[in-house]
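my_file.txt (compact mmCIF, C-alpha atoms)
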# COMPACT_ATOMS: atom_id res chain seq x y z
CA MET O 1 56.29 129.14 99.90
CA LYS O 2 57.63 131.21 97.05
CA ARG O 3 60.35 132.55 99.29
CA PHE O 4 61.24 129.06 100.34
CA LEU O 5 61.56 127.96 96.73
CA ILE O 6 63.76 130.91 95.93
CA LEU O 7 65.95 129.96 98.88
CA VAL O 8 66.21 126.37 97.70
CA VAL O 9 67.12 127.43 94.17
CA ALA O 10 69.68 129.88 95.52
CA ILE O 11 71.31 127.21 97.68
CA LEU O 12 71.40 124.71 94.85
CA ALA O 13 72.92 127.30 92.56
CA VAL O 14 75.91 127.72 94.89
CA ALA O 15 77.21 124.16 94.53
CA PRO O 16 78.73 124.36 91.04
CA VAL O 17 80.33 127.70 91.87
CA ALA O 18 82.11 126.13 94.83
CA ALA O 19 84.05 123.70 92.65
CA ILE O 20 87.75 124.21 93.30
CA ASP O 21 89.91 122.93 90.49
CA THR O 22 88.44 124.46 87.39
CA GLY O 23 91.64 124.57 85.38
CA LYS O 24 92.92 121.48 83.64
CA ALA O 25 96.10 120.01 85.02
CA PHE O 26 97.03 117.99 81.95
CA ASP O 27 96.35 118.26 78.24
CA ASP O 28 96.47 114.51 77.90
CA PRO O 29 92.93 113.32 78.77
CA GLU O 30 94.28 110.06 80.15
CA LEU O 31 96.60 111.80 82.60
CA GLN O 32 93.86 114.27 83.49
CA ALA O 33 91.50 111.38 84.26
CA ARG O 34 94.11 109.73 86.47
CA TYR O 35 94.79 113.01 88.22
CA GLU O 36 91.13 113.65 88.93
CA LYS O 37 90.54 110.14 90.19
CA MET O 38 93.63 110.38 92.38
CA ILE O 39 92.75 113.69 94.02
CA SER O 40 89.17 112.60 94.63
CA GLU O 41 90.50 109.67 96.66
CA VAL O 42 92.92 111.55 98.87
CA ARG O 43 91.66 112.87 102.15
CA CYS O 44 92.34 116.47 103.02
CA LEU O 45 94.03 116.04 106.40
CA LYS O 46 93.18 119.56 107.46
CA CYS O 47 89.51 119.29 106.60
CA GLN O 48 88.99 115.65 107.26
CA ASN O 49 85.70 114.95 105.58
CA GLN O 50 86.67 116.33 102.23
CA SER O 51 88.87 115.02 99.50
CA ILE O 52 91.68 117.27 98.32
CA LYS O 53 89.67 117.69 95.15
CA ASP O 54 86.89 119.40 97.06
CA SER O 55 88.93 121.53 99.37
CA ASN O 56 90.64 124.82 98.85
CA VAL O 57 92.74 125.00 102.00
CA PHE O 58 96.38 125.42 101.07
CA LEU O 59 97.35 121.95 102.26
CA ALA O 60 94.92 120.47 99.73
CA SER O 61 96.27 122.64 96.95
CA ASP O 62 99.84 121.73 97.97
CA LEU O 63 98.96 118.05 97.80
CA ARG O 64 97.26 118.51 94.44
CA ARG O 65 100.40 120.22 93.19
CA GLU O 66 102.60 117.36 94.43
CA ILE O 67 100.33 114.75 92.84
CA ARG O 68 100.34 116.70 89.59
CA ARG O 69 104.14 116.79 89.71
CA LEU O 70 104.39 113.05 90.43
CA ILE O 71 102.05 112.16 87.58
CA ALA O 72 104.01 114.43 85.27
CA GLU O 73 107.19 112.63 86.35
CA GLY O 74 105.59 109.39 85.18
CA LYS O 75 104.98 107.85 88.61
CA THR O 76 102.40 105.08 88.84
CA ASP O 77 99.29 105.37 91.00
CA ALA O 78 100.81 102.87 93.44
CA GLU O 79 103.96 104.98 93.75
CA ILE O 80 101.90 108.09 94.40
CA GLN O 81 99.92 106.24 97.05
CA ASP O 82 103.20 105.19 98.64
CA PHE O 83 104.30 108.81 98.62
CA LEU O 84 101.18 109.80 100.54
CA ILE O 85 101.19 106.85 102.93
CA THR O 86 104.80 107.31 104.01
CA ARG O 87 104.02 110.92 104.87
CA TYR O 88 100.47 110.88 106.16
CA GLY O 89 99.67 107.24 106.80
CA GLU O 90 96.97 104.99 105.40
CA PHE O 91 94.34 107.42 106.66
CA ALA O 92 95.13 109.82 103.81
CA LEU O 93 93.57 107.47 101.29
CA TYR O 94 89.81 107.22 101.06
CA ARG O 95 90.25 103.81 99.51
CA PRO O 96 92.71 102.13 101.84
CA ARG O 97 94.87 99.43 100.33
CA THR O 98 94.47 95.80 101.26
CA SER O 99 97.19 94.94 103.72
CA GLY O 100 97.44 93.28 107.10
CA LYS O 101 96.59 96.53 108.83
CA THR O 102 93.59 97.41 106.71
CA LEU O 103 92.29 93.87 106.35
CA ILE O 104 89.67 94.46 109.01
CA LEU O 105 88.29 97.43 107.05
CA TRP O 106 87.84 95.35 103.95
CA ALA O 107 86.69 92.20 105.68
CA ALA O 108 84.28 93.80 108.15
CA PRO O 109 81.31 94.23 105.75
CA PHE O 110 81.51 90.61 104.63
CA VAL O 111 81.93 89.34 108.16
CA LEU O 112 78.96 91.40 109.32
CA VAL O 113 76.75 90.24 106.44
CA PHE O 114 77.75 86.65 107.13
CA PHE O 115 77.00 87.10 110.82
CA GLY O 116 73.62 88.65 110.01
CA VAL O 117 72.70 85.77 107.70
CA PHE O 118 73.80 83.33 110.36
CA VAL O 119 71.62 84.98 113.02
CA MET O 120 68.68 85.17 110.62
CA PHE O 121 69.09 81.51 109.78
CA ARG O 122 69.18 80.54 113.44
CA VAL O 123 66.08 82.58 114.21
CA LEU O 124 64.17 81.13 111.28
CA GLN O 125 65.22 77.64 112.21
CA HIS O 126 64.05 78.22 115.73
CA ARG O 127 60.68 79.56 114.56
CA MET O 128 60.13 76.73 112.16
CA SER O 129 60.60 74.26 114.96
CA MET O 130 57.91 75.98 117.00
CA PRO O 131 54.39 74.51 116.98
CA ILE O 132 52.10 76.26 114.57
CA ASP O 133 48.75 77.47 115.88
CA ASP O 134 47.15 78.21 112.56
CA ASP O 135 45.41 74.99 111.65
CA THR O 136 44.56 76.05 108.07
CA VAL O 137 48.21 75.46 107.21
CA ASN O 138 49.26 71.90 107.14
CA GLN O 139 52.90 72.19 108.15
CA GLY O 140 54.04 68.79 109.19
CA GLY O 141 57.46 69.06 107.66
CA ALA O 142 58.95 71.63 110.00
CA GLU O 143 62.16 70.46 111.63
CA MET N 1 69.05 82.27 129.95
CA SER N 2 71.96 81.35 127.72
CA ARG N 3 70.23 82.87 124.70
CA TYR N 4 70.82 86.30 126.19
CA VAL N 5 74.57 85.81 126.54
CA LEU N 6 75.53 86.47 122.95
CA PRO N 7 73.53 89.72 122.52
CA LEU N 8 74.81 90.89 125.89
CA VAL N 9 78.43 90.23 124.90
CA ALA N 10 77.83 92.00 121.58
CA VAL N 11 76.39 95.06 123.32
CA VAL N 12 79.23 95.18 125.83
CA VAL N 13 81.81 94.99 123.04
CA LEU N 14 79.99 97.76 121.19
CA ILE N 15 79.94 99.93 124.30
CA ILE N 16 83.65 99.37 124.85
CA PHE N 17 84.37 100.49 121.29
CA LEU N 18 82.15 103.55 121.70
CA VAL N 19 83.82 104.53 124.95
CA ILE N 20 87.27 104.18 123.40
CA GLY N 21 86.15 106.15 120.36
CA LEU N 22 84.63 108.96 122.40
CA THR N 23 87.42 109.35 124.94
CA ARG N 24 90.61 108.97 122.95
CA GLY N 25 91.16 112.71 122.82
CA ASP N 26 91.47 114.71 119.64
CA PRO N 27 89.85 112.58 116.93
CA ARG N 28 91.64 114.61 114.28
CA ALA N 29 95.05 113.70 115.63
CA LEU N 30 96.64 111.05 113.47
CA PRO N 31 99.47 108.76 114.43
CA SER N 32 102.55 109.88 112.58
CA PRO N 33 103.94 107.23 110.24
CA PHE N 34 107.40 108.63 110.99
CA ILE N 35 107.73 107.46 114.59
CA GLY N 36 110.74 105.16 114.80
CA LYS N 37 111.70 105.94 111.21
CA PRO N 38 114.39 108.24 109.81
CA ALA N 39 113.28 111.85 109.69
CA PRO N 40 112.90 113.18 106.15
CA GLN N 41 115.95 115.01 104.88
CA PHE N 42 115.43 118.65 104.08
CA GLU N 43 117.30 121.78 103.21
CA LEU N 44 115.69 125.20 103.12
CA PRO N 45 116.82 128.79 102.84
CA THR N 46 116.87 130.31 106.28
CA LEU N 47 114.29 132.83 107.29
CA LYS N 48 116.82 135.48 108.20
CA ASP N 49 119.19 135.04 105.29
CA PRO N 50 117.79 133.71 102.00
CA SER N 51 121.29 132.93 100.75
CA ALA N 52 122.06 130.65 103.72
CA THR N 53 120.45 127.27 104.23
CA VAL N 54 119.43 125.14 107.18
CA GLY N 55 118.45 121.51 107.10
CA SER N 56 118.86 118.03 108.49
CA ALA N 57 122.65 118.33 108.37
CA ALA N 58 122.52 121.15 110.92
CA PHE N 59 121.37 118.89 113.75
CA ALA N 60 122.77 115.54 112.64
CA GLY N 61 124.50 113.84 115.55
CA ARG N 62 122.45 115.33 118.34
CA VAL N 63 118.92 115.20 119.67
CA ALA N 64 116.94 118.15 118.31
CA LEU N 65 113.43 119.51 118.25
CA VAL N 66 112.00 120.44 114.86
CA ASN N 67 109.10 122.82 115.23
CA VAL N 68 106.74 123.69 112.39
CA TRP N 69 105.27 127.15 112.84
CA ALA N 70 103.63 130.03 111.03
CA THR N 71 102.47 133.51 111.88
CA TRP N 72 98.91 132.73 110.76
CA CYS N 73 98.80 129.92 113.30
CA VAL N 74 97.07 131.00 116.49
CA GLN N 75 98.18 127.96 118.48
CA CYS N 76 101.80 128.77 117.60
CA ARG N 77 101.42 131.97 119.56
CA VAL N 78 100.17 129.93 122.50
CA GLU N 79 103.18 127.68 122.23
CA HIS N 80 105.78 130.37 121.70
CA GLN N 81 106.54 131.22 125.31
CA PHE N 82 107.21 127.58 126.10
CA LEU N 83 109.67 127.37 123.20
CA LEU N 84 111.43 130.49 124.47
CA ASP N 85 111.73 128.96 127.94
CA LEU N 86 113.02 125.73 126.46
CA ALA N 87 115.58 127.54 124.36
CA ALA N 88 116.71 129.53 127.39
CA LYS N 89 117.44 126.31 129.25
CA GLY N 90 119.63 125.25 126.34
CA ASP N 91 119.18 121.49 126.78
CA ILE N 92 118.11 120.87 123.22
CA PRO N 93 118.47 122.88 120.01
CA ILE N 94 115.19 123.93 118.41
CA TYR N 95 115.02 124.22 114.65
CA GLY N 96 112.05 125.88 113.03
CA ILE N 97 110.29 125.21 109.77
CA ASN N 98 108.39 128.34 108.92
CA TRP N 99 105.53 126.84 106.97
CA ARG N 100 103.56 128.59 104.25
CA ASP N 101 104.28 132.04 105.57
CA THR N 102 105.64 135.34 104.35
CA ARG N 103 109.14 136.44 105.22
CA PRO N 104 108.33 139.95 106.53
CA GLU N 105 105.60 138.65 108.81
CA ALA N 106 107.70 135.77 110.10
CA LEU N 107 110.66 138.04 110.80
CA ARG N 108 108.43 140.52 112.59
CA TRP N 109 107.00 137.68 114.69
CA LEU N 110 110.47 136.62 115.83
CA GLN N 111 111.46 140.20 116.51
CA GLN N 112 108.40 140.97 118.59
CA LEU N 113 107.94 137.68 120.42
CA GLY N 114 111.54 136.48 120.62
CA ASP N 115 113.38 133.82 118.65
CA PRO N 116 113.75 130.39 120.26
CA TYR N 117 115.19 128.81 117.12
CA VAL N 118 118.79 128.07 116.28
CA ALA N 119 117.55 128.70 112.76
CA SER N 120 114.28 128.56 110.89
CA GLY N 121 113.94 127.23 107.39
CA PHE N 122 111.58 129.15 105.13
CA ASP N 123 109.17 126.66 103.55
CA VAL N 124 107.14 129.07 101.47
CA ASP N 125 105.42 126.54 99.20
CA GLY N 126 104.97 123.80 101.78
CA VAL N 127 107.11 121.16 100.05
CA VAL N 128 109.08 120.30 103.17
CA GLY N 129 105.85 120.40 105.16
CA ILE N 130 104.43 117.65 102.95
CA ASP N 131 107.65 115.63 103.23
CA TRP N 132 107.26 115.74 107.00
CA GLY N 133 103.57 114.85 106.84
CA VAL N 134 102.58 118.17 108.37
CA TYR N 135 98.90 118.99 108.25
CA GLY N 136 98.38 121.59 110.92
CA ALA N 137 100.76 123.92 112.69
CA PRO N 138 102.18 123.82 115.24
CA GLU N 139 103.71 120.40 114.94
CA SER N 140 106.91 119.35 116.67
CA PHE N 141 109.19 116.43 115.99
CA LEU N 142 111.78 115.09 118.40
CA VAL N 143 114.64 113.77 116.29
CA SER N 144 117.31 111.52 117.79
CA ALA N 145 121.04 111.95 117.29
CA ASP N 146 121.01 109.36 114.52
CA GLY N 147 118.15 111.11 112.76
CA VAL N 148 115.18 108.99 113.84
CA VAL N 149 111.85 110.57 114.74
CA LEU N 150 111.18 109.71 118.39
CA PHE N 151 108.02 111.68 118.98
CA LYS N 152 105.60 113.93 117.21
CA GLN N 153 103.41 116.49 118.87
CA LEU N 154 100.40 117.80 117.02
CA GLY N 155 99.36 121.14 118.46
CA PRO N 156 101.16 123.35 120.93
CA LEU N 157 103.82 121.94 123.19
CA ASN N 158 103.74 122.85 126.84
CA ARG N 159 105.67 121.99 129.98
CA GLN N 160 103.37 119.12 130.90
CA ILE N 161 103.64 117.37 127.53
CA TRP N 162 107.35 118.05 127.47
CA GLU N 163 108.00 116.45 130.84
CA ARG N 164 105.59 113.57 130.37
CA ASP N 165 106.28 112.54 126.78
CA ILE N 166 109.56 114.00 125.65
CA VAL N 167 112.00 114.16 128.56
CA PRO N 168 111.93 110.35 129.07
CA LEU N 169 112.72 109.88 125.37
CA ILE N 170 115.64 112.29 125.51
CA VAL N 171 116.99 110.53 128.60
CA SER N 172 116.71 107.05 127.11
CA GLY N 173 117.87 108.22 123.68
CA GLY N 174 120.90 109.87 125.25
CA ALA N 175 121.72 106.72 127.19
CA ALA N 176 121.44 104.54 124.09
CA GLN N 177 123.95 106.60 122.19
Since I need it in another form, could you write the structure as structure tokens?
Amino acid sequence: MKRFLILVVAILAVAPVAAIDTGKAFDDPELQARYEKMISEVRCLKCQNQSIKDSNVFLASDLRREIRRLIAEGKTDAEIQDFLITRYGEFALYRPRTSGKTLILWAAPFVLVFFGVFVMFRVLQHRMSMPIDDDTVNQGGAE
Amino acid sequence: MSRYVLPLVAVVVLIIFLVIGLTRGDPRALPSPFIGKPAPQFELPTLKDPSATVGSAAFAGRVALVNVWATWCVQCRVEHQFLLDLAAKGDIPIYGINWRDTRPEALRWLQQLGDPYVASGFDVDGVVGIDWGVYGAPESFLVSADGVVLFKQLGPLNRQIWERDIVPLIVSGGAAQ
């Protein structure tokens, strides 16, 4: 048990050490905040379940460098997203933009919830129209 | 009976999606946003002579293959013999982008394994790689005579892919011009 705890503590202790970008990219806190938000929302194409903020493969560091350069040049977030999309496609963004192509991604949760509510409603309606065996409940108003 | 139709249809649709998802080959392969669009312009110092440059201008006006390679890339070694064979046939010029590599190692690679490239640009910091949307070497782009990307191959090229996917494009591209 003690060994197990030591193992757990050791594993947990690794996480902060594994952080990649320790240095600050910008002195201006506003730019730094934009930069950090941006890189946390760009997929590392080489290591596809990480953002480029969390990855240290060179492609991620190259992309971080390019984003840093674009922010320094005064580009807007939308322009930087365009830069990434023209090169790597919509897939590069963890938060895809609303457009005809990505509409299904954004609409799907709502459609599914709506469908679920619809099914639930139909089932409930069906059950309420069924005869009730329990005679302690006086349920004349069903249907 | 009819109450089972909807769930059945839903399950069948789900199964179709799963089958497509599981059988569409490499799930990491992304469609290139460049297909049918102008290839990005680039100009790089050549691998062999840092004072000379190679770039889009070198192959403007003819169909060319742009191959992104590196010495650290194991699959590039797999692909290399095919590129040598292709270069020997001389149907299409091959231009290299040596991506995120070191010059001595890249030069040694070409010396030892042979050089299929008309010229290789030396993209040491990966800027051109990003412009071309490269995320894993080897990648190859077929560029038409008027500079449009016709095809992108992620991973090593071989004779089968060449004949199935690329030769028809060269033939039709050549006829269109």
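For chain O, the residues within 9 Å of chain N are O:Cys44, O:Leu45, O:Lys46, O:Gln48, O:Phe58, O:Leu59, O:Asp62, O:Leu63, O:Glu66, O:Phe83, O:Leu84, O:Ile85, O:Thr86, O:Arg87, O:Tyr88, O:Gly89, O:Glu90, O:Phe91, with only C-alpha atoms used to measure distance.
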Written selection (C-alpha atoms) as a PDB file, keeping the file's coordinate frame:
ATOM      1  CA  CYS O  44      92.340 116.470 103.020  1.00  0.00           C
ATOM      2  CA  LEU O  45      94.030 116.040 106.400  1.00  0.00           C
ATOM      3  CA  LYS O  46      93.180 119.560 107.460  1.00  0.00           C
ATOM      4  CA  GLN O  48      88.990 115.650 107.260  1.00  0.00           C
ATOM      5  CA  PHE O  58      96.380 125.420 101.070  1.00  0.00           C
ATOM      6  CA  LEU O  59      97.350 121.950 102.260  1.00  0.00           C
ATOM      7  CA  ASP O  62      99.840 121.730  97.970  1.00  0.00           C
ATOM      8  CA  LEU O  63      98.960 118.050  97.800  1.00  0.00           C
ATOM      9  CA  GLU O  66     102.600 117.360  94.430  1.00  0.00           C
ATOM     10  CA  PHE O  83     104.300 108.810  98.620  1.00  0.00           C
ATOM     11  CA  LEU O  84     101.180 109.800 100.540  1.00  0.00           C
ATOM     12  CA  ILE O  85     101.190 106.850 102.930  1.00  0.00           C
ATOM     13  CA  THR O  86     104.800 107.310 104.010  1.00  0.00           C
ATOM     14  CA  ARG O  87     104.020 110.920 104.870  1.00  0.00           C
ATOM     15  CA  TYR O  88     100.470 110.880 106.160  1.00  0.00           C
ATOM     16  CA  GLY O  89      99.670 107.240 106.800  1.00  0.00           C
ATOM     17  CA  GLU O  90      96.970 104.990 105.400  1.00  0.00           C
ATOM     18  CA  PHE O  91      94.340 107.420 106.660  1.00  0.00           C
TER      19      PHE O  91
END
For this session: Figure out the distance between atom CA of Asn98 of chain N and atom CA of Tyr94 of chain O, please, to one decimal in Å.
Result: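 The value is 29.2 Å.
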Exercise. Which one of N:Pro45, N:Pro50, N:Ile20, N:Val63 sits closest to Val148 of chain N if you count all atoms listed in the file?
Worked result: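 Checking each candidate against Val148 of chain N, we get N:Val63 as the closest.
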Exercise. When you draw a straight line from atom CA of Pro168 of chain N to atom CA of Phe42 of chain N, how long is it in Å?
Worked result: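 Interatomic distance, atom CA of Pro168 of chain N to atom CA of Phe42 of chain N: 26.6 Å.
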Seminar exercise, completed: Leu93 of chain O proximity check over O:Glu36, O:Glu79, O:Ser51, O:Ile11, using all atoms listed in the file: winner is O:Ser51
For this session: Go ahead and compute the interatomic distance for atom CA of Asp77 of chain O and atom CA of Met38 of chain O, in Å to one decimal.
Result: 7.7 Å
Env of Asp115 of chain N: 10 Å cut, atoms = only C-alpha atoms, seq-sep filter 6 positions within chain, self excluded. Answer as a short mmCIF file (atom, residue, chain, number, x, y, z; two decimals) with C-alpha atoms, keeping the file's coordinate frame.
data_model
loop_
_atom_site.label_atom_id
_atom_site.label_comp_id
_atom_site.auth_asym_id
_atom_site.auth_seq_id
_atom_site.Cartn_x
_atom_site.Cartn_y
_atom_site.Cartn_z
CA HIS N 80 105.78 130.37 121.70
CA GLN N 81 106.54 131.22 125.31
CA LEU N 83 109.67 127.37 123.20
CA LEU N 84 111.43 130.49 124.47
CA ALA N 87 115.58 127.54 124.36
CA GLY N 96 112.05 125.88 113.03
CA LEU N 107 110.66 138.04 110.80
CA TRP N 109 107.00 137.68 114.69
#
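Counting all atoms listed in the file, the residue from N:Val167, N:Val124, N:Ala137, N:Ile94 that sits nearest to Val74 of chain N is N:Ala137.
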For this session: Please identify all polymer residues lying at most 7 Å from the point (112.1, 122.9, 118.2) (file coordinates), using only C-alpha atoms, and present the result as a list of chain:residue names.
Result: N:Ala64, N:Leu65, N:Val66, N:Asn67, N:Pro93, N:Ile94, N:Tyr95, N:Gly96, N:Tyr117, N:Ser140
For this session: Counting only C-alpha atoms, note down every residue that has an atom within 12 Å of the point (89.9, 122.3, 98.2) (file coordinates), as a VMD selection string.
Result: chain O and resid 18 to 22 39 to 40 42 to 65
For this session: Fewer than 4 positions away in the same chain doesn't count, so skip those; otherwise give me all residues within 10 Å of Thr46 of chain N, counting all atoms listed in the file, as a PyMOL selection string.
Result: chain N and resi 50-55+96-98+103+119-123
Problem set entry | Shell around Arg97 of chain O at 10 Å using all atoms listed in the file, local window under 4 positions removed, as a list in words | Ala78, Gln81, Glu90, Leu93, Lys101, Thr102, Leu103, Leu105 and Trp106 of chain O
